[in-house]
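Structure file coords_30.cif (mmCIF, C-alpha atoms) follows.
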data_model
#
loop_
_atom_site.group_PDB
_atom_site.id
_atom_site.type_symbol
_atom_site.label_atom_id
_atom_site.label_comp_id
_atom_site.auth_asym_id
_atom_site.auth_seq_id
_atom_site.Cartn_x
_atom_site.Cartn_y
_atom_site.Cartn_z
ATOM 1 C CA MET Q 17 33.802 -61.228 -24.232
ATOM 2 C CA PRO Q 18 34.372 -61.679 -27.969
ATOM 3 C CA THR Q 19 34.895 -65.303 -28.953
ATOM 4 C CA PRO Q 20 37.703 -66.412 -31.329
ATOM 5 C CA GLN Q 21 34.953 -66.725 -33.969
ATOM 6 C CA ASP Q 22 33.894 -63.092 -33.357
ATOM 7 C CA ARG Q 23 37.513 -61.978 -33.741
ATOM 8 C CA ASN Q 24 37.839 -63.930 -37.001
ATOM 9 C CA ASP Q 25 34.595 -62.399 -38.279
ATOM 10 C CA GLU Q 26 35.840 -58.929 -37.359
ATOM 11 C CA SER Q 27 39.265 -59.511 -38.985
ATOM 12 C CA ASP Q 28 37.506 -60.713 -42.120
ATOM 13 C CA LEU Q 29 35.206 -57.687 -42.124
ATOM 14 C CA ILE Q 30 38.155 -55.285 -41.654
ATOM 15 C CA ALA Q 31 40.020 -56.903 -44.552
ATOM 16 C CA ARG Q 32 36.972 -56.509 -46.798
ATOM 17 C CA LEU Q 33 36.476 -52.884 -45.725
ATOM 18 C CA ARG Q 34 40.123 -52.161 -46.520
ATOM 19 C CA ALA Q 35 39.577 -53.661 -49.972
ATOM 20 C CA GLY Q 36 36.638 -51.278 -50.528
ATOM 21 C CA ASP Q 37 34.027 -54.062 -50.692
ATOM 22 C CA THR Q 38 30.631 -52.316 -50.861
ATOM 23 C CA ASP Q 39 28.778 -55.341 -49.455
ATOM 24 C CA ALA Q 40 31.071 -55.248 -46.436
ATOM 25 C CA TYR Q 41 30.282 -51.552 -45.967
ATOM 26 C CA GLN Q 42 26.553 -52.222 -46.167
ATOM 27 C CA ASN Q 43 26.934 -54.949 -43.566
ATOM 28 C CA ALA Q 44 29.030 -52.698 -41.304
ATOM 29 C CA VAL Q 45 26.624 -49.763 -41.681
ATOM 30 C CA ARG Q 46 23.730 -51.871 -40.427
ATOM 31 C CA ARG Q 47 25.766 -53.408 -37.632
ATOM 32 C CA PHE Q 48 27.514 -50.348 -36.199
ATOM 33 C CA THR Q 49 25.494 -47.252 -37.100
ATOM 34 C CA PRO Q 50 23.006 -47.505 -34.178
ATOM 35 C CA THR Q 51 25.931 -47.420 -31.730
ATOM 36 C CA MET Q 52 27.531 -44.538 -33.651
ATOM 37 C CA LEU Q 53 24.283 -42.549 -33.533
ATOM 38 C CA ALA Q 54 24.061 -43.028 -29.765
ATOM 39 C CA ALA Q 55 27.607 -41.677 -29.406
ATOM 40 C CA ALA Q 56 26.896 -38.700 -31.703
ATOM 41 C CA ARG Q 57 23.736 -37.734 -29.827
ATOM 42 C CA PHE Q 58 25.737 -37.374 -26.617
ATOM 43 C CA TYR Q 59 27.461 -34.312 -28.101
ATOM 44 C CA VAL Q 60 25.324 -32.882 -30.895
ATOM 45 C CA GLY Q 61 21.809 -34.092 -30.094
ATOM 46 C CA VAL Q 62 19.363 -35.860 -32.343
ATOM 47 C CA ASP Q 63 19.164 -33.135 -35.041
ATOM 48 C CA LYS Q 64 22.794 -33.296 -36.151
ATOM 49 C CA ALA Q 65 23.632 -36.877 -35.215
ATOM 50 C CA GLU Q 66 22.841 -38.393 -38.613
ATOM 51 C CA ASP Q 67 25.054 -35.908 -40.500
ATOM 52 C CA VAL Q 68 27.908 -36.442 -38.043
ATOM 53 C CA VAL Q 69 27.679 -40.218 -38.437
ATOM 54 C CA GLN Q 70 27.588 -39.968 -42.232
ATOM 55 C CA GLU Q 71 30.722 -37.797 -42.249
ATOM 56 C CA SER Q 72 32.366 -40.248 -39.830
ATOM 57 C CA TRP Q 73 31.746 -43.165 -42.192
ATOM 58 C CA ILE Q 74 33.444 -41.219 -45.003
ATOM 59 C CA LYS Q 75 36.443 -40.572 -42.733
ATOM 60 C CA ALA Q 76 36.512 -44.230 -41.728
ATOM 61 C CA ILE Q 77 36.843 -45.325 -45.380
ATOM 62 C CA ARG Q 78 40.280 -43.722 -45.540
ATOM 63 C CA ALA Q 79 41.332 -44.411 -41.962
ATOM 64 C CA ILE Q 80 40.539 -48.135 -42.088
ATOM 65 C CA GLN Q 81 43.820 -48.572 -44.014
ATOM 66 C CA THR Q 82 45.745 -47.594 -40.885
ATOM 67 C CA PHE Q 83 43.403 -49.120 -38.269
ATOM 68 C CA GLU Q 84 45.603 -51.139 -35.931
ATOM 69 C CA GLY Q 85 42.897 -53.128 -34.186
ATOM 70 C CA ARG Q 86 43.829 -52.052 -30.665
ATOM 71 C CA ALA Q 87 40.137 -51.405 -29.985
ATOM 72 C CA SER Q 88 37.164 -53.223 -31.469
ATOM 73 C CA LEU Q 89 35.876 -51.891 -34.785
ATOM 74 C CA LYS Q 90 32.693 -50.702 -33.046
ATOM 75 C CA THR Q 91 34.643 -48.720 -30.439
ATOM 76 C CA TRP Q 92 37.018 -47.307 -33.065
ATOM 77 C CA LEU Q 93 34.116 -46.113 -35.242
ATOM 78 C CA SER Q 94 32.405 -44.581 -32.204
ATOM 79 C CA ARG Q 95 35.599 -42.678 -31.325
ATOM 80 C CA ILE Q 96 35.708 -41.258 -34.854
ATOM 81 C CA VAL Q 97 32.102 -40.124 -34.374
ATOM 82 C CA VAL Q 98 32.847 -38.363 -31.090
ATOM 83 C CA ASN Q 99 35.814 -36.509 -32.561
ATOM 84 C CA GLN Q 100 33.743 -35.533 -35.583
ATOM 85 C CA ALA Q 101 30.927 -34.336 -33.285
ATOM 86 C CA LYS Q 102 33.376 -32.256 -31.250
ATOM 87 C CA ASN Q 103 34.789 -30.753 -34.455
ATOM 88 C CA VAL Q 104 31.279 -29.738 -35.499
ATOM 89 C CA LEU Q 105 30.729 -28.113 -32.119
ATOM 90 C CA ARG Q 106 34.049 -26.284 -32.290
ATOM 91 C CA GLN Q 107 33.300 -25.003 -35.791
ATOM 92 C CA SER Q 108 29.979 -23.613 -34.606
ATOM 93 C CA GLY Q 109 31.647 -22.065 -31.569
ATOM 94 C CA ARG Q 110 29.689 -24.241 -29.200
ATOM 95 C CA GLU Q 111 30.652 -26.524 -26.405
ATOM 96 C CA VAL Q 112 28.444 -29.004 -24.688
ATOM 97 C CA PRO Q 113 28.902 -28.786 -20.939
ATOM 98 C CA LEU Q 114 29.016 -32.226 -19.456
ATOM 99 C CA GLU Q 115 26.012 -32.873 -17.280
ATOM 100 C CA SER Q 116 27.088 -33.574 -13.743
ATOM 101 C CA PRO Q 117 23.768 -34.233 -12.081
ATOM 102 C CA GLU Q 118 23.172 -35.423 -8.559
ATOM 103 C CA ALA Q 119 22.975 -39.201 -8.311
ATOM 104 C CA LEU Q 120 19.321 -39.086 -7.247
ATOM 105 C CA ASP Q 121 16.592 -37.746 -9.511
ATOM 106 C CA PRO Q 122 14.896 -34.834 -7.669
ATOM 107 C CA ALA Q 123 11.520 -36.582 -7.994
ATOM 108 C CA LEU Q 124 12.903 -39.611 -6.184
ATOM 109 C CA ALA Q 125 15.017 -37.614 -3.711
ATOM 110 C CA SER Q 126 11.882 -35.779 -2.553
ATOM 111 C CA ARG Q 127 10.405 -39.078 -1.395
ATOM 112 C CA PHE Q 128 12.822 -39.409 1.526
ATOM 113 C CA GLY Q 129 12.495 -37.694 4.908
ATOM 114 C CA PRO Q 130 15.224 -35.924 6.893
ATOM 115 C CA ASN Q 131 16.161 -39.287 8.446
ATOM 116 C CA ARG Q 132 16.813 -40.607 4.879
ATOM 117 C CA ARG Q 133 13.992 -43.166 5.176
ATOM 118 C CA TRP Q 134 11.160 -43.446 2.668
ATOM 119 C CA ILE Q 135 8.213 -41.127 3.285
ATOM 120 C CA GLN Q 136 6.665 -42.062 -0.060
ATOM 121 C CA PRO Q 137 7.859 -45.589 -0.794
ATOM 122 C CA PRO Q 138 7.615 -47.295 -4.185
ATOM 123 C CA THR Q 139 4.130 -48.519 -5.021
ATOM 124 C CA LEU Q 140 5.384 -51.248 -7.340
ATOM 125 C CA THR Q 141 5.948 -54.743 -6.023
ATOM 126 C CA SER Q 142 9.396 -56.228 -6.550
ATOM 127 C CA HIS Q 143 8.567 -59.639 -7.950
ATOM 128 C CA GLU Q 144 7.216 -58.983 -11.413
ATOM 129 C CA THR Q 145 9.261 -60.050 -14.390
ATOM 130 C CA ALA Q 146 9.980 -58.036 -17.513
ATOM 131 C CA GLU Q 147 7.491 -60.226 -19.378
ATOM 132 C CA GLN Q 148 4.734 -59.428 -16.867
ATOM 133 C CA TRP Q 149 5.417 -55.720 -17.268
ATOM 134 C CA LEU Q 150 5.274 -55.892 -21.023
ATOM 135 C CA GLU Q 151 2.040 -57.904 -21.005
ATOM 136 C CA ARG Q 152 0.416 -54.570 -20.160
ATOM 137 C CA GLY Q 153 0.550 -53.625 -23.826
ATOM 138 C CA ALA Q 154 0.949 -49.875 -23.767
ATOM 139 C CA LEU Q 155 3.714 -49.989 -21.162
ATOM 140 C CA GLY Q 156 6.280 -50.963 -23.798
ATOM 141 C CA ASP Q 157 5.307 -47.988 -25.966
ATOM 142 C CA CYS Q 158 5.410 -45.722 -22.930
ATOM 143 C CA LEU Q 159 8.923 -46.927 -22.059
ATOM 144 C CA ASP Q 160 10.048 -46.216 -25.623
ATOM 145 C CA LYS Q 161 8.580 -42.714 -25.459
ATOM 146 C CA HIS Q 162 10.268 -41.870 -22.166
ATOM 147 C CA LEU Q 163 13.577 -43.349 -23.232
ATOM 148 C CA ALA Q 164 13.485 -41.126 -26.316
ATOM 149 C CA ALA Q 165 12.729 -38.110 -24.102
ATOM 150 C CA LEU Q 166 15.626 -38.609 -21.665
ATOM 151 C CA PRO Q 167 18.299 -35.885 -21.602
ATOM 152 C CA GLU Q 168 20.663 -36.755 -24.485
ATOM 153 C CA GLN Q 169 23.690 -37.531 -22.332
ATOM 154 C CA GLN Q 170 21.729 -39.859 -20.036
ATOM 155 C CA ARG Q 171 20.153 -41.527 -23.044
ATOM 156 C CA SER Q 172 23.465 -42.019 -24.880
ATOM 157 C CA ALA Q 173 25.173 -43.461 -21.797
ATOM 158 C CA LEU Q 174 22.294 -45.858 -21.195
ATOM 159 C CA MET Q 175 22.065 -46.933 -24.850
ATOM 160 C CA LEU Q 176 25.790 -47.617 -25.225
ATOM 161 C CA PHE Q 177 25.976 -49.506 -21.932
ATOM 162 C CA GLU Q 178 22.646 -51.319 -21.877
ATOM 163 C CA VAL Q 179 21.507 -51.745 -25.474
ATOM 164 C CA HIS Q 180 24.795 -51.859 -27.382
ATOM 165 C CA GLN Q 181 26.485 -53.813 -24.577
ATOM 166 C CA HIS Q 182 29.694 -51.808 -24.388
ATOM 167 C CA LYS Q 183 31.707 -52.323 -21.219
ATOM 168 C CA SER Q 184 31.909 -49.352 -18.823
ATOM 169 C CA ASP Q 185 35.558 -48.689 -19.744
ATOM 170 C CA ASP Q 186 34.626 -48.606 -23.416
ATOM 171 C CA VAL Q 187 31.750 -46.165 -22.875
ATOM 172 C CA CYS Q 188 34.014 -43.859 -20.822
ATOM 173 C CA ASN Q 189 36.637 -44.010 -23.572
ATOM 174 C CA ILE Q 190 34.134 -43.332 -26.355
ATOM 175 C CA LEU Q 191 32.268 -40.505 -24.642
ATOM 176 C CA GLU Q 192 35.263 -39.082 -22.760
ATOM 177 C CA VAL Q 193 33.546 -39.171 -19.388
ATOM 178 C CA SER Q 194 34.832 -40.365 -16.025
ATOM 179 C CA ALA Q 195 33.661 -43.677 -14.619
ATOM 180 C CA SER Q 196 31.823 -41.907 -11.798
ATOM 181 C CA ASN Q 197 30.075 -39.568 -14.247
ATOM 182 C CA LEU Q 198 29.009 -42.505 -16.389
ATOM 183 C CA ARG Q 199 27.568 -44.282 -13.344
ATOM 184 C CA VAL Q 200 25.496 -41.211 -12.445
ATOM 185 C CA LEU Q 201 24.190 -40.788 -16.016
ATOM 186 C CA ILE Q 202 23.105 -44.432 -16.167
ATOM 187 C CA HIS Q 203 21.525 -44.312 -12.705
ATOM 188 C CA ARG Q 204 19.607 -41.116 -13.492
ATOM 189 C CA ALA Q 205 18.286 -42.642 -16.706
ATOM 190 C CA ARG Q 206 17.098 -45.788 -14.938
ATOM 191 C CA GLN Q 207 15.392 -43.755 -12.211
ATOM 192 C CA ARG Q 208 13.418 -41.841 -14.863
ATOM 193 C CA MET Q 209 12.321 -45.167 -16.340
ATOM 194 C CA PHE Q 210 11.373 -46.507 -12.890
ATOM 195 C CA LEU Q 211 9.318 -43.393 -12.070
ATOM 196 C CA MET Q 212 7.585 -43.615 -15.431
ATOM 197 C CA VAL Q 213 6.600 -47.260 -14.914
ATOM 198 C CA GLU Q 214 5.344 -46.497 -11.407
ATOM 199 C CA HIS Q 215 3.223 -43.611 -12.712
ATOM 200 C CA PHE Q 216 1.893 -45.833 -15.499
ATOM 201 C CA GLN Q 217 0.930 -48.575 -13.036
ATOM 202 C CA GLU Q 218 -0.861 -46.115 -10.759
ATOM 203 C CA THR Q 219 -2.743 -44.112 -13.366
ATOM 204 C CA GLY Q 220 -2.732 -46.142 -16.565
ATOM 205 C CA GLU Q 221 -1.375 -43.020 -18.270
ATOM 206 C CA CYS Q 222 1.944 -42.552 -19.958
ATOM 207 C CA MET R 8 24.451 -46.935 9.103
ATOM 208 C CA LEU R 9 23.107 -47.272 5.574
ATOM 209 C CA MET R 10 19.661 -45.691 5.173
ATOM 210 C CA CYS R 11 17.052 -46.032 2.412
ATOM 211 C CA GLN R 12 18.188 -42.887 0.598
ATOM 212 C CA ASP R 13 21.751 -44.242 0.510
ATOM 213 C CA VAL R 14 20.466 -47.485 -1.021
ATOM 214 C CA ALA R 15 18.549 -45.523 -3.654
ATOM 215 C CA THR R 16 21.697 -43.531 -4.453
ATOM 216 C CA LEU R 17 23.814 -46.674 -4.891
ATOM 217 C CA ALA R 18 21.103 -48.835 -6.474
ATOM 218 C CA SER R 19 22.506 -48.978 -10.028
ATOM 219 C CA ASP R 20 26.029 -49.642 -8.776
ATOM 220 C CA TYR R 21 24.559 -52.493 -6.725
ATOM 221 C CA ILE R 22 22.635 -54.143 -9.560
ATOM 222 C CA ASP R 23 25.579 -53.738 -11.978
ATOM 223 C CA ASP R 24 27.953 -55.241 -9.399
ATOM 224 C CA GLU R 25 30.115 -52.117 -9.343
ATOM 225 C CA LEU R 26 30.415 -51.832 -5.544
ATOM 226 C CA GLY R 27 33.176 -52.966 -3.207
ATOM 227 C CA PRO R 28 32.424 -55.855 -0.838
ATOM 228 C CA VAL R 29 31.746 -53.714 2.248
ATOM 229 C CA LYS R 30 29.059 -51.552 0.638
ATOM 230 C CA ARG R 31 27.639 -54.553 -1.177
ATOM 231 C CA LEU R 32 27.207 -56.454 2.087
ATOM 232 C CA ALA R 33 25.719 -53.393 3.806
ATOM 233 C CA ILE R 34 23.105 -53.025 1.057
ATOM 234 C CA GLY R 35 22.372 -56.764 1.152
ATOM 235 C CA ALA R 36 21.742 -56.533 4.902
ATOM 236 C CA HIS R 37 19.511 -53.465 4.445
ATOM 237 C CA LEU R 38 17.471 -55.222 1.765
ATOM 238 C CA LEU R 39 16.757 -58.129 4.114
ATOM 239 C CA MET R 40 14.957 -55.683 6.398
ATOM 240 C CA CYS R 41 13.416 -53.179 3.969
ATOM 241 C CA ARG R 42 10.744 -54.203 1.475
ATOM 242 C CA HIS R 43 10.545 -50.686 0.003
ATOM 243 C CA CYS R 44 14.191 -50.755 -1.009
ATOM 244 C CA ARG R 45 13.745 -54.333 -2.269
ATOM 245 C CA SER R 46 10.972 -52.986 -4.475
ATOM 246 C CA LEU R 47 13.182 -50.183 -5.834
ATOM 247 C CA ILE R 48 16.103 -52.526 -6.555
ATOM 248 C CA GLY R 49 13.826 -55.192 -8.075
ATOM 249 C CA ASN R 50 12.153 -52.663 -10.348
ATOM 250 C CA LEU R 51 15.418 -51.086 -11.464
ATOM 251 C CA ARG R 52 16.616 -54.599 -12.364
ATOM 252 C CA THR R 53 13.450 -55.195 -14.373
ATOM 253 C CA THR R 54 13.902 -51.824 -16.091
ATOM 254 C CA ARG R 55 17.466 -52.766 -17.020
ATOM 255 C CA GLU R 56 16.287 -56.110 -18.392
ATOM 256 C CA ILE R 57 13.549 -54.570 -20.535
ATOM 257 C CA ILE R 58 15.785 -51.875 -22.008
ATOM 258 C CA SER R 59 18.459 -54.395 -22.948
ATOM 259 C CA GLN R 60 15.844 -56.680 -24.565
ATOM 260 C CA ARG R 61 13.941 -54.162 -26.643
ATOM 261 C CA SER R 62 15.005 -53.466 -30.206
ATOM 262 C CA TYR R 63 16.454 -50.008 -29.799
ATOM 263 C CA ASP R 64 19.263 -50.783 -32.217
ATOM 264 C CA HIS R 65 16.998 -50.744 -35.268
ATOM 265 C CA LEU R 66 18.374 -48.591 -38.084
ATOM 266 C CA ASP R 67 15.975 -46.515 -40.174
ATOM 267 C CA GLY R 68 15.918 -47.942 -43.716
ATOM 268 C CA ASP R 69 16.001 -44.581 -45.536
ATOM 269 C CA TYR R 70 18.971 -43.428 -43.502
ATOM 270 C CA ALA R 71 20.814 -46.726 -44.090
ATOM 271 C CA ARG R 72 20.318 -46.328 -47.852
ATOM 272 C CA ARG R 73 21.540 -42.719 -47.664
ATOM 273 C CA LEU R 74 24.710 -43.944 -45.949
ATOM 274 C CA ASP R 75 25.145 -46.704 -48.554
ATOM 275 C CA ALA R 76 24.915 -44.099 -51.314
ATOM 276 C CA ALA R 77 27.363 -41.684 -49.657
ATOM 277 C CA ILE R 78 29.852 -44.487 -48.945
ATOM 278 C CA GLY R 79 29.478 -45.859 -52.485
ATOM 279 C CA GLU R 80 30.219 -42.395 -53.884
ATOM 280 C CA ALA R 81 33.269 -42.003 -51.634
ATOM 281 C CA LEU R 82 34.579 -45.436 -52.645
ATOM 282 C CA ARG R 83 34.184 -44.609 -56.343
ATOM 283 C CA HIS R 84 35.886 -41.212 -55.961
ATOM 284 C CA PRO R 85 38.390 -41.668 -53.162
ATOM 285 C CA ASP R 86 40.243 -38.427 -53.890
ATOM 286 C CA ASN R 87 37.208 -36.145 -53.472
ATOM 287 C CA GLY R 88 37.785 -33.831 -50.541
ATOM 288 C CA ARG R 89 41.279 -35.149 -49.938
ATOM 289 C CA THR R 90 43.568 -32.276 -48.988
ATOM 290 C CA GLY R 91 46.535 -34.156 -47.642
ATOM 291 C CA PRO R 92 47.813 -37.560 -46.672
ATOM 292 C CA PRO R 93 45.473 -39.825 -44.679
ATOM 293 C CA LYS R 94 45.587 -39.075 -41.020
ATOM 294 C CA ASP R 95 44.143 -40.707 -37.973
ATOM 295 C CA PRO R 96 40.565 -39.384 -37.633
ATOM 296 C CA GLU R 97 40.794 -39.989 -33.910
ATOM 297 C CA ALA R 98 43.346 -37.187 -33.781
ATOM 298 C CA ARG R 99 41.837 -33.867 -32.773
#
Could you show the structure in this file as structure tokens?
Amino acid sequence: MPTPQDRNDESDLIARLRAGDTDAYQNAVRRFTPTMLAAARFYVGVDKAEDVVQESWIKAIRAIQTFEGRASLKTWLSRIVVNQAKNVLRQSGREVPLESPEALDPALASRFGPNRRWIQPPTLTSHETAEQWLERGALGDCLDKHLAALPEQQRSALMLFEVHQHKSDDVCNILEVSASNLRVLIHRARQRMFLMVEHFQETGEC
Amino acid sequence: MLMCQDVATLASDYIDDELGPVKRLAIGAHLLMCRHCRSLIGNLRTTREIISQRSYDHLDGDYARRLDAAIGEALRHPDNGRTGPPKDPEAR
């Protein structure tokens, strides 16, 4: 939940952006661009995301004059990005079909028998902390590598929800996905990460 | 009756507290009896914790400077590319 201080900071930032203050833009670029890139990648992938976000910032310069503050600045900017990304797709005659995967990753689903009990249970114990995981040096790098290699829509959903701390409703609004679809994308992404860590623990290989 | 595969399917909803009370209780009861599912849930929680802690929101310096330059140019020449009155960029 934003605090009154956060809201004051945001109101101050919006006022400075409206006045065309370049320092305020530099501040906002560093604060909001990672979230905007995650939203862009959902639709146009990593190759075009940077151009889409740059064009969105230019649009935001004009639109900030009429920004009504119904959403947070971060959500508003991310919505501009998604509309810009969809425009780019339309202009190139492409559409990105929304992934609607099964809730279980096939690699995990295959580990259950017909009675829906484990036939190949997890080999990891359940009591290790994040710090204990990351003490195994290369595991952090391996996580980064696999996160980068996730399907774009799973990655974007996970980044907006987990890293950029948007609420579920916000992520659905930004990406134009249903709540149930968002849940599946996040769950699939986490399963890939789980399977990767398990493989790393068993083999020492990423 | 809730089986292990059902727990695996609902695991993220469980750790994010997105389930209704009936399913939540059913998973809780299953976890008391099943160490394999406890392991899956525990490790998904740890995965969530690590991802939220790591610095994935770092912005590449060259790209940030490119944005600064493009925004600076647009602020100096606000009429470039303007073909009509400002409109809401959220509009399709």
Report, as lines of an AutoDock Vina configuration file, the centre and edge lengths in Å (one decimal) of the axis-aligned box enclosing every listed atom of region 22-29 of chain R, padded by 5 Å on each side.
center_x = 27.9
center_y = -53.8
center_z = -4.9
size_x = 20.5
size_y = 14.0
size_z = 24.2
Result set of the PyMOL selection byres ((chain R) within 7 of (chain Q)) on the coordinates above, as an mmCIF file with C-alpha atoms, in the frame of the given file:
data_model
loop_
_atom_site.group_PDB
_atom_site.id
_atom_site.type_symbol
_atom_site.label_atom_id
_atom_site.label_comp_id
_atom_site.auth_asym_id
_atom_site.auth_seq_id
_atom_site.Cartn_x
_atom_site.Cartn_y
_atom_site.Cartn_z
ATOM 1 C CA MET R 10 19.661 -45.691 5.173
ATOM 2 C CA CYS R 11 17.052 -46.032 2.412
ATOM 3 C CA GLN R 12 18.188 -42.887 0.598
ATOM 4 C CA THR R 16 21.697 -43.531 -4.453
ATOM 5 C CA SER R 19 22.506 -48.978 -10.028
ATOM 6 C CA HIS R 43 10.545 -50.686 0.003
ATOM 7 C CA ARG R 45 13.745 -54.333 -2.269
ATOM 8 C CA SER R 46 10.972 -52.986 -4.475
ATOM 9 C CA LEU R 47 13.182 -50.183 -5.834
ATOM 10 C CA GLY R 49 13.826 -55.192 -8.075
ATOM 11 C CA ASN R 50 12.153 -52.663 -10.348
ATOM 12 C CA LEU R 51 15.418 -51.086 -11.464
ATOM 13 C CA THR R 53 13.450 -55.195 -14.373
ATOM 14 C CA THR R 54 13.902 -51.824 -16.091
ATOM 15 C CA GLU R 56 16.287 -56.110 -18.392
ATOM 16 C CA ILE R 57 13.549 -54.570 -20.535
ATOM 17 C CA ILE R 58 15.785 -51.875 -22.008
ATOM 18 C CA SER R 59 18.459 -54.395 -22.948
ATOM 19 C CA TYR R 63 16.454 -50.008 -29.799
ATOM 20 C CA ASP R 64 19.263 -50.783 -32.217
ATOM 21 C CA HIS R 65 16.998 -50.744 -35.268
ATOM 22 C CA LEU R 66 18.374 -48.591 -38.084
ATOM 23 C CA ALA R 71 20.814 -46.726 -44.090
ATOM 24 C CA LEU R 74 24.710 -43.944 -45.949
ATOM 25 C CA ASP R 75 25.145 -46.704 -48.554
ATOM 26 C CA ILE R 78 29.852 -44.487 -48.945
ATOM 27 C CA GLY R 79 29.478 -45.859 -52.485
ATOM 28 C CA ALA R 81 33.269 -42.003 -51.634
ATOM 29 C CA LEU R 82 34.579 -45.436 -52.645
ATOM 30 C CA PRO R 93 45.473 -39.825 -44.679
ATOM 31 C CA LYS R 94 45.587 -39.075 -41.020
ATOM 32 C CA ASP R 95 44.143 -40.707 -37.973
ATOM 33 C CA PRO R 96 40.565 -39.384 -37.633
ATOM 34 C CA GLU R 97 40.794 -39.989 -33.910
ATOM 35 C CA ARG R 99 41.837 -33.867 -32.773
#
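Residues lying within 10 Å of His37 (chain R), counting only C-alpha atoms and ignoring same-chain neighbours fewer than 4 positions away, are Met8, Leu9, Met10, Cys11, Val14, Arg31, Leu32, Ala33, Cys41, Arg42, Cys44 and Arg45 of chain R.
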Worksheet item: So what does the PyMOL selection byres ((chain Q and resi 222) around 9) actually pick up in this one, as JSON, numbers by chain?
Response: {"Q": [154, 155, 157, 158, 159, 161, 162, 212, 213, 215, 216, 219, 220, 221]}
Item to complete: Would you work out the distance separating CA of Asp24 (chain R) from CA of Arg55 (chain R), expressed in Å to one decimal?
Response: 13.2 Å
